[in-house]
Structure formats: structure tokens, C-alpha cells
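Okay, structure first, notes after.
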Amino acid sequence: MTQHETYETRTEITIVFPASGATDLTDPFTGRIVIPHRVELGLHHIVTPDEDRQWAHVTVRGPRRLKSGGPGHEISTHGWHAANQREGYREAAYRPDWLTQLVIDHWPDGWSPALVELTATALEARRG
């Protein structure tokens, strides 16, 4: 490869799965409450001559819980790839166990569980 040649290899996977029976989830930034209906797990891997990076994102979607207690329009809450959303948010927001378990149950082979702040040992133990 000459000095001026460049390339980029990009792999992106999005896995969508239901969040049936999950408890309401409060967005730590907006304070809005989501009635979870589905979870989106996005995995990304980019390779260039200068870098090789991977990242993940976890988004929960569903109707907003209204003050009346009923469901409203669909909204989403992001950043749940982190076990604790602490940077830039009003207060610490720990990923609930039900969401961690759903991510584990749908985690594809070949991707590092560290992308969602889990160890391989924890992943295997919880899949158990």
C-alpha cells in the first residue's frame, strides 16, 4: 500500500429485542420515564490504517409514562451501554438488572462484553 492509500472497514450490527415485563426506566438526563417496549443493541467496529476501535450503544424505547400514569408518545433513553451513567448526568444512574440480563441474553459471539462494561466471566455466568 502506498503512503496515500487509505481504507476503512466498518462492521455495524443492530439487534432489536422486546423488553416485555421490564420495569419503568427513568432517563437520567431528562428525568422522563419510559415504559420499556424494546431494546436496541448497536455494535460498531471500524478499522483504518491508523486505528481499530469498537463501541456499543444500548437504547431503550417505549411510550413515555405520563403524570396521569398512562402511556404517552414513544420516546427513547440512551447510554445504557455503561453500567453507571455518571458523566454529564444529574446523578448516578445504574443500569437495571433486567436490562443487563437482556443485553447478555442477546449478546452476539465475537464481540467483547467489555463494550457494555461486563467481563467475559460475568457474561458466561449470567448466561449460565
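Ligands are numbered from 1 in the order shown, chains are lettered A, B, ... in the order of the C-alpha cells, and residues start at 1 in each chain.
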Exercise. Excluding same-chain residues fewer than 5 positions from Asp50 (chain A), what lies within 10 Å of it counting only C-alpha atoms, as a list of chain:residue names?
Worked result: A:Thr6, A:Tyr7, A:Glu8
Can those selected residues be exported to a file as a tab-separated table (two decimals), in the first residue's frame so that it contains N, CA and C atoms?
chain	number	residue	atom	x	y	z
A	6	THR	N	-5.77	4.81	1.46
A	6	THR	CA	-6.46	4.64	2.74
A	6	THR	C	-7.61	3.67	2.55
A	7	TYR	N	-8.06	3.13	3.62
A	7	TYR	CA	-9.21	2.24	3.59
A	7	TYR	C	-9.92	2.32	4.93
A	8	GLU	N	-11.14	1.86	4.92
A	8	GLU	CA	-11.90	1.76	6.16
A	8	GLU	C	-12.78	0.53	6.06
Problem set entry | Exercise: region 34-37 of chain A partners within 10 Å, only C-alpha atoms, chain neighbours under 3 positions left out, as a ChimeraX atom specification | /A:17-27,31,60-66,70-77,99
For the selection you just gave me, I'd like the residues written to a file as an mmCIF file, in the first residue's frame, keeping N, CA, C and O atoms.
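Ended up saving to out-v2.cif:
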data_model
loop_
_atom_site.group_PDB
_atom_site.id
_atom_site.type_symbol
_atom_site.label_atom_id
_atom_site.label_comp_id
_atom_site.auth_asym_id
_atom_site.auth_seq_id
_atom_site.Cartn_x
_atom_site.Cartn_y
_atom_site.Cartn_z
ATOM 1 N N PHE A 17 -34.699 -6.257 20.380
ATOM 2 C CA PHE A 17 -35.418 -7.315 21.075
ATOM 3 C C PHE A 17 -36.440 -6.706 22.040
ATOM 4 O O PHE A 17 -36.289 -5.573 22.482
ATOM 5 N N PRO A 18 -37.496 -7.460 22.352
ATOM 6 C CA PRO A 18 -38.550 -6.933 23.212
ATOM 7 C C PRO A 18 -38.094 -6.813 24.664
ATOM 8 O O PRO A 18 -37.234 -7.559 25.120
ATOM 9 N N ALA A 19 -38.704 -5.867 25.355
ATOM 10 C CA ALA A 19 -38.421 -5.661 26.784
ATOM 11 C C ALA A 19 -39.675 -5.967 27.586
ATOM 12 O O ALA A 19 -39.982 -5.282 28.562
ATOM 13 N N SER A 20 -40.387 -6.977 27.185
ATOM 14 C CA SER A 20 -41.652 -7.346 27.830
ATOM 15 C C SER A 20 -41.445 -7.582 29.321
ATOM 16 O O SER A 20 -40.513 -8.255 29.732
ATOM 17 N N GLY A 21 -42.345 -7.009 30.110
ATOM 18 C CA GLY A 21 -42.296 -7.227 31.550
ATOM 19 C C GLY A 21 -41.258 -6.401 32.294
ATOM 20 O O GLY A 21 -41.131 -6.517 33.509
ATOM 21 N N ALA A 22 -40.503 -5.562 31.586
ATOM 22 C CA ALA A 22 -39.486 -4.744 32.237
ATOM 23 C C ALA A 22 -40.143 -3.619 33.029
ATOM 24 O O ALA A 22 -41.228 -3.155 32.689
ATOM 25 N N THR A 23 -39.484 -3.199 34.077
ATOM 26 C CA THR A 23 -39.992 -2.092 34.886
ATOM 27 C C THR A 23 -39.673 -0.762 34.215
ATOM 28 O O THR A 23 -38.766 -0.661 33.389
ATOM 29 N N ASP A 24 -40.443 0.263 34.570
ATOM 30 C CA ASP A 24 -40.223 1.597 34.020
ATOM 31 C C ASP A 24 -38.770 2.025 34.233
ATOM 32 O O ASP A 24 -38.134 1.647 35.220
ATOM 33 N N LEU A 25 -38.277 2.815 33.295
ATOM 34 C CA LEU A 25 -36.883 3.264 33.322
ATOM 35 C C LEU A 25 -36.851 4.785 33.222
ATOM 36 O O LEU A 25 -37.433 5.367 32.315
ATOM 37 N N THR A 26 -36.182 5.422 34.166
ATOM 38 C CA THR A 26 -36.070 6.877 34.176
ATOM 39 C C THR A 26 -34.803 7.302 33.452
ATOM 40 O O THR A 26 -33.707 6.830 33.774
ATOM 41 N N ASP A 27 -34.946 8.176 32.474
ATOM 42 C CA ASP A 27 -33.786 8.720 31.772
ATOM 43 C C ASP A 27 -33.038 9.625 32.748
ATOM 44 O O ASP A 27 -33.615 10.565 33.295
ATOM 45 N N GLY A 31 -35.027 13.005 32.998
ATOM 46 C CA GLY A 31 -35.970 12.691 34.058
ATOM 47 C C GLY A 31 -37.263 12.069 33.550
ATOM 48 O O GLY A 31 -38.141 11.721 34.337
ATOM 49 N N VAL A 60 -33.180 2.149 25.012
ATOM 50 C CA VAL A 60 -34.467 1.579 25.404
ATOM 51 C C VAL A 60 -35.553 2.487 24.839
ATOM 52 O O VAL A 60 -35.504 3.707 25.008
ATOM 53 N N ARG A 61 -36.531 1.886 24.162
ATOM 54 C CA ARG A 61 -37.627 2.649 23.541
ATOM 55 C C ARG A 61 -38.972 2.159 24.062
ATOM 56 O O ARG A 61 -39.149 0.981 24.360
ATOM 57 N N GLY A 62 -39.889 3.096 24.133
ATOM 58 C CA GLY A 62 -41.250 2.782 24.556
ATOM 59 C C GLY A 62 -41.996 4.067 24.819
ATOM 60 O O GLY A 62 -41.443 5.162 24.715
ATOM 61 N N PRO A 63 -43.263 3.953 25.179
ATOM 62 C CA PRO A 63 -44.026 5.165 25.451
ATOM 63 C C PRO A 63 -43.565 5.841 26.742
ATOM 64 O O PRO A 63 -43.068 5.184 27.661
ATOM 65 N N ARG A 64 -43.731 7.144 26.763
ATOM 66 C CA ARG A 64 -43.415 7.922 27.955
ATOM 67 C C ARG A 64 -44.523 7.675 28.987
ATOM 68 O O ARG A 64 -45.704 7.580 28.649
ATOM 69 N N ARG A 65 -44.126 7.558 30.242
ATOM 70 C CA ARG A 65 -45.096 7.425 31.323
ATOM 71 C C ARG A 65 -45.570 8.838 31.664
ATOM 72 O O ARG A 65 -44.778 9.695 32.061
ATOM 73 N N LEU A 66 -46.842 9.090 31.484
ATOM 74 C CA LEU A 66 -47.405 10.410 31.769
ATOM 75 C C LEU A 66 -47.649 10.583 33.272
ATOM 76 O O LEU A 66 -47.702 9.602 34.019
ATOM 77 N N GLY A 70 -50.668 6.945 32.662
ATOM 78 C CA GLY A 70 -50.905 6.277 31.389
ATOM 79 C C GLY A 70 -49.726 6.429 30.437
ATOM 80 O O GLY A 70 -48.787 7.177 30.708
ATOM 81 N N PRO A 71 -49.773 5.731 29.305
ATOM 82 C CA PRO A 71 -48.709 5.835 28.306
ATOM 83 C C PRO A 71 -48.911 7.043 27.391
ATOM 84 O O PRO A 71 -50.042 7.410 27.089
ATOM 85 N N GLY A 72 -47.809 7.643 26.970
ATOM 86 C CA GLY A 72 -47.844 8.764 26.032
ATOM 87 C C GLY A 72 -47.173 8.378 24.725
ATOM 88 O O GLY A 72 -47.171 7.203 24.343
ATOM 89 N N HIS A 73 -46.574 9.354 24.068
ATOM 90 C CA HIS A 73 -45.871 9.119 22.806
ATOM 91 C C HIS A 73 -44.579 8.342 23.057
ATOM 92 O O HIS A 73 -43.994 8.421 24.142
ATOM 93 N N GLU A 74 -44.113 7.636 22.019
ATOM 94 C CA GLU A 74 -42.872 6.876 22.151
ATOM 95 C C GLU A 74 -41.688 7.820 22.324
ATOM 96 O O GLU A 74 -41.578 8.846 21.647
ATOM 97 N N ILE A 75 -40.823 7.452 23.252
ATOM 98 C CA ILE A 75 -39.572 8.167 23.486
ATOM 99 C C ILE A 75 -38.460 7.126 23.625
ATOM 100 O O ILE A 75 -38.723 5.926 23.597
ATOM 101 N N SER A 76 -37.236 7.589 23.783
ATOM 102 C CA SER A 76 -36.119 6.668 23.971
ATOM 103 C C SER A 76 -35.175 7.239 25.025
ATOM 104 O O SER A 76 -35.175 8.429 25.302
ATOM 105 N N THR A 77 -34.403 6.363 25.602
ATOM 106 C CA THR A 77 -33.356 6.749 26.544
ATOM 107 C C THR A 77 -32.096 6.005 26.129
ATOM 108 O O THR A 77 -32.137 4.816 25.816
ATOM 109 N N LEU A 99 -32.226 -5.014 32.409
ATOM 110 C CA LEU A 99 -31.630 -4.571 31.147
ATOM 111 C C LEU A 99 -30.291 -5.262 30.917
ATOM 112 O O LEU A 99 -29.991 -5.699 29.804
#
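Of the residues listed (A:Ile104, A:Leu118, A:Val39, A:Val47), A:Leu118 shows the shortest atom-to-atom separation from Ala82 (chain A); distances use only C-alpha atoms.
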For this session: Just the strand (DSSP E) stuff from chain A, please, per backbone DSSP, written as a PyMOL selection string.
Result: chain A and resi 9-18+25-26+33-34+38-47+52-65+71-77+84-85+93-94
For this session: Run DSSP on the backbone and give me the residues of region 6-123 of chain A it puts in helix (DSSP H, G or I), as an NGL selection string.
Result: :A and (97-105 or 113-116 or 120-123)
Output the selection as a JSON list (two decimals), in the first residue's frame - N, CA and C atoms for each residue.
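Output file result.json is given in full below:
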[["chain", "number", "residue", "atom", "x", "y", "z"],
["A", 97, "ASP", "N", -30.88, -4.41, 36.51],
["A", 97, "ASP", "CA", -30.54, -5.82, 36.29],
["A", 97, "ASP", "C", -31.31, -6.41, 35.11],
["A", 98, "TRP", "N", -32.58, -6.05, 34.96],
["A", 98, "TRP", "CA", -33.36, -6.61, 33.86],
["A", 98, "TRP", "C", -32.76, -6.23, 32.51],
["A", 99, "LEU", "N", -32.23, -5.01, 32.41],
["A", 99, "LEU", "CA", -31.63, -4.57, 31.15],
["A", 99, "LEU", "C", -30.29, -5.26, 30.92],
["A", 100, "THR", "N", -29.50, -5.39, 31.97],
["A", 100, "THR", "CA", -28.23, -6.11, 31.86],
["A", 100, "THR", "C", -28.48, -7.54, 31.39],
["A", 101, "GLN", "N", -29.50, -8.20, 31.96],
["A", 101, "GLN", "CA", -29.79, -9.58, 31.59],
["A", 101, "GLN", "C", -30.25, -9.67, 30.14],
["A", 102, "LEU", "N", -31.07, -8.73, 29.68],
["A", 102, "LEU", "CA", -31.50, -8.75, 28.27],
["A", 102, "LEU", "C", -30.31, -8.58, 27.32],
["A", 103, "VAL", "N", -29.40, -7.68, 27.67],
["A", 103, "VAL", "CA", -28.21, -7.48, 26.83],
["A", 103, "VAL", "C", -27.38, -8.76, 26.80],
["A", 104, "ILE", "N", -27.21, -9.39, 27.94],
["A", 104, "ILE", "CA", -26.45, -10.65, 28.00],
["A", 104, "ILE", "C", -27.14, -11.72, 27.16],
["A", 105, "ASP", "N", -28.45, -11.84, 27.30],
["A", 105, "ASP", "CA", -29.19, -12.87, 26.57],
["A", 105, "ASP", "C", -29.09, -12.72, 25.06],
["A", 113, "PRO", "N", -17.54, -8.34, 25.66],
["A", 113, "PRO", "CA", -18.53, -7.85, 26.60],
["A", 113, "PRO", "C", -18.07, -6.60, 27.36],
["A", 114, "ALA", "N", -16.79, -6.29, 27.27],
["A", 114, "ALA", "CA", -16.28, -5.06, 27.89],
["A", 114, "ALA", "C", -16.91, -3.82, 27.26],
["A", 115, "LEU", "N", -17.44, -3.94, 26.05],
["A", 115, "LEU", "CA", -18.09, -2.82, 25.39],
["A", 115, "LEU", "C", -19.33, -2.34, 26.16],
["A", 116, "VAL", "N", -19.89, -3.22, 26.98],
["A", 116, "VAL", "CA", -21.02, -2.85, 27.83],
["A", 116, "VAL", "C", -20.67, -3.03, 29.31],
["A", 120, "ALA", "N", -16.04, -11.24, 30.42],
["A", 120, "ALA", "CA", -16.42, -12.49, 29.78],
["A", 120, "ALA", "C", -16.90, -13.50, 30.81],
["A", 121, "THR", "N", -16.27, -13.50, 31.98],
["A", 121, "THR", "CA", -16.68, -14.42, 33.05],
["A", 121, "THR", "C", -18.09, -14.12, 33.51],
["A", 122, "ALA", "N", -18.40, -12.83, 33.71],
["A", 122, "ALA", "CA", -19.74, -12.44, 34.12],
["A", 122, "ALA", "C", -20.77, -12.79, 33.05],
["A", 123, "LEU", "N", -20.39, -12.60, 31.81],
["A", 123, "LEU", "CA", -21.29, -12.90, 30.70],
["A", 123, "LEU", "C", -21.65, -14.38, 30.71]]
Problem set entry | Point-to-point distance from CA of Thr59 (chain A) to CA of Glu124 (chain A), Å rounded to tenths |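 So the two atoms, CA of Thr59 (chain A) and CA of Glu124 (chain A), lie 22.7 Å apart.
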